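Novice: Encoded as structure tokens, here's the structure I'll be asking about.
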Amino acid sequence: MSGHGHGANVAHKKGVNDAKRGKIFSVISKEITVAARSGGGDPNFNIRLRTCLEKARYANMPIDNVTRAIQKGTGEIPGISYEEIVYEGYGPSGVGIIVEVTTDNKNRSAGEVRSTFTKHGGSMAGAGAVSFNFQHKGQILIEKSKIVEDKLMELVLNAGADDLKTFDSYYEVLTTPNAYAGVADALSKAQVVADSSEVAWLPTTTIPLSEEDKTKLKTLMDALEELDDVQYVWSNMEE
């Protein structure tokens, strides 16, 4: 259950490393609202919400923002009804790109995503055209200094994880999407703070790019991430 890699194809995504804190809060707020809508506003009975609240805590998101997001999900505050959508497309040299969106207007989102692909030399694709090159997995990255491997392995496998991989400076925990929240919750209860924790699209095959095309791909993905409705963006570029 150990492996070797170069960052485990970590998603090119918004998160705690993104300098734009306002965008971070917007992403987490939507996740909290969707989680509260689907499973209720009490984190004691809603593991997905509890996991989102951990993200909010790591990002130092103001408690007022968190409370409003929950209340929008439960209907206590009139709010927007969000829909989660996955778009697929191509970048330079045919590299696959997956875009996760949480939106209140799928027509607007589709138009903005399509326009951004086109503007930056990419193209939209139909459902399944790209995603077969990816696995939809819960992915949790933890610095090795935080916990010994045997203890982590016992913890995550008992919580329902599929695999634990060990790299030079970090562990990668992999789960099914359905098991992700339970594993993330078990780590939180054990006070093991993850450095990255998402349900991600992880490439099973990668495409090598020239330095020029890597620059073009980064520009395209950055532009997609700037869109208000976009939550996360992944590609299968070879690192």
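Just so we're on the same page: first chain in the structure tokens is A, next is B, and so on; residues restart at 1 for each chain, and ligands are numbered from 1 in the order they show up.
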Might you pull out every residue within 7 Å of region 181-197 of chain A, with only C-alpha atoms counted and same-chain residues fewer than 3 positions away left off, and present them as a list in words?
Specialist: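 These residues fall inside the cut-off: Ile47, Arg48, Thr51, Gln139, Ile140, Leu141, Ile142, Glu143, Val156, Ala159, Gly160 and Ala161 of chain A.
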Novice: Can you tell me, as number ranges by chain, what residues are no more than 12 Å from Gly94 (chain A) when counting only C-alpha atoms, ignoring any on the same chain fewer than 2 positions away?
Specialist: A: 88-92, 96-97, 121-125, 129-130, 206-209, 213-214, 217, 235-237
Novice: Could you turn the residues from that selection into a file that holds C-alpha atoms, as a PDB file, in the first residue's frame?
Specialist:
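Writing done, so here's again-v3.pdb:
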```pdb
ATOM      1  CA  GLU A  88     -15.503  18.178 -19.831  1.00  0.00           C
ATOM      2  CA  GLY A  89     -13.190  19.650 -22.435  1.00  0.00           C
ATOM      3  CA  TYR A  90      -9.838  19.671 -24.164  1.00  0.00           C
ATOM      4  CA  GLY A  91      -6.809  21.913 -23.799  1.00  0.00           C
ATOM      5  CA  PRO A  92      -3.518  22.107 -25.725  1.00  0.00           C
ATOM      6  CA  GLY A  96      -8.298  16.436 -20.882  1.00  0.00           C
ATOM      7  CA  ILE A  97      -9.876  18.976 -18.547  1.00  0.00           C
ATOM      8  CA  GLY A 121      -7.620  27.653 -27.546  1.00  0.00           C
ATOM      9  CA  GLY A 122      -9.520  24.777 -25.949  1.00  0.00           C
ATOM     10  CA  SER A 123     -12.872  23.194 -26.669  1.00  0.00           C
ATOM     11  CA  MET A 124     -15.831  21.771 -24.765  1.00  0.00           C
ATOM     12  CA  ALA A 125     -16.556  18.055 -25.049  1.00  0.00           C
ATOM     13  CA  ALA A 129     -15.383  12.191 -23.677  1.00  0.00           C
ATOM     14  CA  VAL A 130     -12.679  13.020 -21.129  1.00  0.00           C
ATOM     15  CA  THR A 206      -1.474  11.517 -18.569  1.00  0.00           C
ATOM     16  CA  ILE A 207      -0.391  13.519 -21.608  1.00  0.00           C
ATOM     17  CA  PRO A 208       3.091  15.077 -21.869  1.00  0.00           C
ATOM     18  CA  LEU A 209       3.115  18.733 -22.924  1.00  0.00           C
ATOM     19  CA  ASP A 213       1.637  24.122 -24.106  1.00  0.00           C
ATOM     20  CA  LYS A 214       2.004  23.889 -20.330  1.00  0.00           C
ATOM     21  CA  LEU A 217      -2.889  25.104 -20.273  1.00  0.00           C
ATOM     22  CA  SER A 235      -6.381  18.078 -16.079  1.00  0.00           C
ATOM     23  CA  ASN A 236      -4.476  14.950 -17.085  1.00  0.00           C
ATOM     24  CA  MET A 237      -1.291  16.800 -18.021  1.00  0.00           C
TER      25      MET A 237
END
```
Novice: Please return, as a ChimeraX atom specification, all residues of region 98-127 of chain A that DSSP assigns to strand (DSSP E or B) on the basis of the backbone.
Specialist: /A:98-103,123-125
Novice: What does the structure give for the distance between CA of Ala35 (chain A) and CA of Gln71 (chain A), in Å to one decimal?
Specialist: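 So the answer is 11.1 Å.
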Novice: Mind listing the alpha helix (DSSP H) residues of region 26-163 of chain A, per DSSP on the backbone, as a ChimeraX atom specification?
Specialist: /A:26-39,47-58,63-74,106-119,149-158
Novice: Export, as a PDB file, in the first residue's frame, the selected residues with C-alpha atoms.
Specialist:
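Below you can see out_6.pdb, which holds the result:
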```
ATOM      1  CA  SER A  26     -17.310  31.502  -2.007  1.00  0.00           C
ATOM      2  CA  VAL A  27     -16.295  27.947  -2.937  1.00  0.00           C
ATOM      3  CA  ILE A  28     -16.625  26.670   0.630  1.00  0.00           C
ATOM      4  CA  SER A  29     -19.901  28.547   1.198  1.00  0.00           C
ATOM      5  CA  LYS A  30     -21.494  26.811  -1.775  1.00  0.00           C
ATOM      6  CA  GLU A  31     -20.245  23.429  -0.563  1.00  0.00           C
ATOM      7  CA  ILE A  32     -21.697  24.086   2.894  1.00  0.00           C
ATOM      8  CA  THR A  33     -25.051  25.190   1.445  1.00  0.00           C
ATOM      9  CA  VAL A  34     -25.318  22.124  -0.782  1.00  0.00           C
ATOM     10  CA  ALA A  35     -24.327  19.831   2.099  1.00  0.00           C
ATOM     11  CA  ALA A  36     -26.892  21.420   4.454  1.00  0.00           C
ATOM     12  CA  ARG A  37     -29.608  21.211   1.808  1.00  0.00           C
ATOM     13  CA  SER A  38     -28.980  17.509   1.194  1.00  0.00           C
ATOM     14  CA  GLY A  39     -28.390  16.341   4.764  1.00  0.00           C
ATOM     15  CA  ILE A  47     -20.941  13.984   7.874  1.00  0.00           C
ATOM     16  CA  ARG A  48     -20.629  15.859   4.576  1.00  0.00           C
ATOM     17  CA  LEU A  49     -21.464  19.135   6.319  1.00  0.00           C
ATOM     18  CA  ARG A  50     -19.009  18.331   9.101  1.00  0.00           C
ATOM     19  CA  THR A  51     -16.281  17.841   6.500  1.00  0.00           C
ATOM     20  CA  CYS A  52     -17.137  21.168   4.856  1.00  0.00           C
ATOM     21  CA  LEU A  53     -16.953  22.893   8.232  1.00  0.00           C
ATOM     22  CA  GLU A  54     -13.435  21.515   8.669  1.00  0.00           C
ATOM     23  CA  LYS A  55     -12.473  23.110   5.355  1.00  0.00           C
ATOM     24  CA  ALA A  56     -13.951  26.391   6.529  1.00  0.00           C
ATOM     25  CA  ARG A  57     -11.957  26.190   9.734  1.00  0.00           C
ATOM     26  CA  TYR A  58      -8.693  25.470   7.907  1.00  0.00           C
ATOM     27  CA  ILE A  63     -18.223  32.092  11.447  1.00  0.00           C
ATOM     28  CA  ASP A  64     -20.932  34.477  10.169  1.00  0.00           C
ATOM     29  CA  ASN A  65     -20.243  33.301   6.611  1.00  0.00           C
ATOM     30  CA  VAL A  66     -20.492  29.680   7.721  1.00  0.00           C
ATOM     31  CA  THR A  67     -23.765  30.258   9.568  1.00  0.00           C
ATOM     32  CA  ARG A  68     -25.354  32.031   6.601  1.00  0.00           C
ATOM     33  CA  ALA A  69     -24.295  29.255   4.243  1.00  0.00           C
ATOM     34  CA  ILE A  70     -25.895  26.626   6.482  1.00  0.00           C
ATOM     35  CA  GLN A  71     -29.086  28.648   6.853  1.00  0.00           C
ATOM     36  CA  LYS A  72     -29.354  29.065   3.088  1.00  0.00           C
ATOM     37  CA  GLY A  73     -29.112  25.303   2.734  1.00  0.00           C
ATOM     38  CA  THR A  74     -31.758  24.592   5.368  1.00  0.00           C
ATOM     39  CA  LYS A 106     -26.704  26.050 -15.675  1.00  0.00           C
ATOM     40  CA  ASN A 107     -27.259  27.839 -18.984  1.00  0.00           C
ATOM     41  CA  ARG A 108     -25.128  30.752 -17.821  1.00  0.00           C
ATOM     42  CA  SER A 109     -22.447  28.419 -16.505  1.00  0.00           C
ATOM     43  CA  ALA A 110     -22.323  26.350 -19.674  1.00  0.00           C
ATOM     44  CA  GLY A 111     -21.988  29.478 -21.795  1.00  0.00           C
ATOM     45  CA  GLU A 112     -19.215  30.946 -19.643  1.00  0.00           C
ATOM     46  CA  VAL A 113     -17.257  27.701 -19.505  1.00  0.00           C
ATOM     47  CA  ARG A 114     -17.601  27.145 -23.266  1.00  0.00           C
ATOM     48  CA  SER A 115     -16.574  30.723 -24.026  1.00  0.00           C
ATOM     49  CA  THR A 116     -13.500  30.437 -21.789  1.00  0.00           C
ATOM     50  CA  PHE A 117     -12.394  27.206 -23.449  1.00  0.00           C
ATOM     51  CA  THR A 118     -12.768  28.781 -26.888  1.00  0.00           C
ATOM     52  CA  LYS A 119     -11.039  32.042 -25.956  1.00  0.00           C
ATOM     53  CA  GLU A 149       2.282   5.370   8.682  1.00  0.00           C
ATOM     54  CA  ASP A 150       1.027   2.365  10.667  1.00  0.00           C
ATOM     55  CA  LYS A 151      -1.258   4.497  12.815  1.00  0.00           C
ATOM     56  CA  LEU A 152      -2.620   6.366   9.794  1.00  0.00           C
ATOM     57  CA  MET A 153      -3.179   3.152   7.870  1.00  0.00           C
ATOM     58  CA  GLU A 154      -5.199   1.626  10.693  1.00  0.00           C
ATOM     59  CA  LEU A 155      -7.215   4.812  11.112  1.00  0.00           C
ATOM     60  CA  VAL A 156      -8.185   5.345   7.473  1.00  0.00           C
ATOM     61  CA  LEU A 157      -8.760   1.702   6.524  1.00  0.00           C
ATOM     62  CA  ASN A 158     -11.062   1.245   9.508  1.00  0.00           C
TER      63      ASN A 158
END
```
Novice: Compare A:Phe134, A:Glu172, A:Gly41, A:Arg21 by their minimum atom-to-atom distance to Glu76 (chain A), counting only C-alpha atoms, and give me the closest one.
Specialist: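 Comparing A:Phe134, A:Glu172, A:Gly41, A:Arg21 against Glu76 (chain A), the winner is A:Gly41.
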Novice: Separation of CA of Thr103 (chain A) and CA of Met61 (chain A), in Å?
Specialist: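 These atoms are spaced 20.8 Å apart.
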Novice: Using only C-alpha atoms, can you tell me which of A:Ile85, A:Ile98, A:Ile80, A:Leu227 comes closest to Ala200 (chain A)?
Specialist: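 Checking each of A:Ile85, A:Ile98, A:Ile80, A:Leu227 against Ala200 (chain A), counting only C-alpha atoms, the winner is A:Ile98.
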Novice: With only C-alpha atoms as the atoms that count, which of A:Tyr171, A:Leu164, A:Glu198, A:Val95 lies nearest to Gly138 (chain A)?
Specialist: A:Glu198
Novice: Of the residues A:Trp234, A:Pro78, A:Thr176, A:Val101, which is the one nearest to Lys218 (chain A), using only C-alpha atoms?
Specialist: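 Smallest separation from Lys218 (chain A) among the options: A:Trp234.
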Novice: Could you tell me how far CA of Asn178 (chain A) lies from CA of Ile24 (chain A), in Å and to one decimal?
Specialist: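 Interatomic distance here is 23.7 Å.
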Novice: Measuring between only C-alpha atoms, which one of A:Pro62, A:Glu84, A:Ser131, A:Glu100 shows the shortest distance to Thr205 (chain A)?
Specialist: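 The answer is A:Ser131, which sits nearest to Thr205 (chain A).
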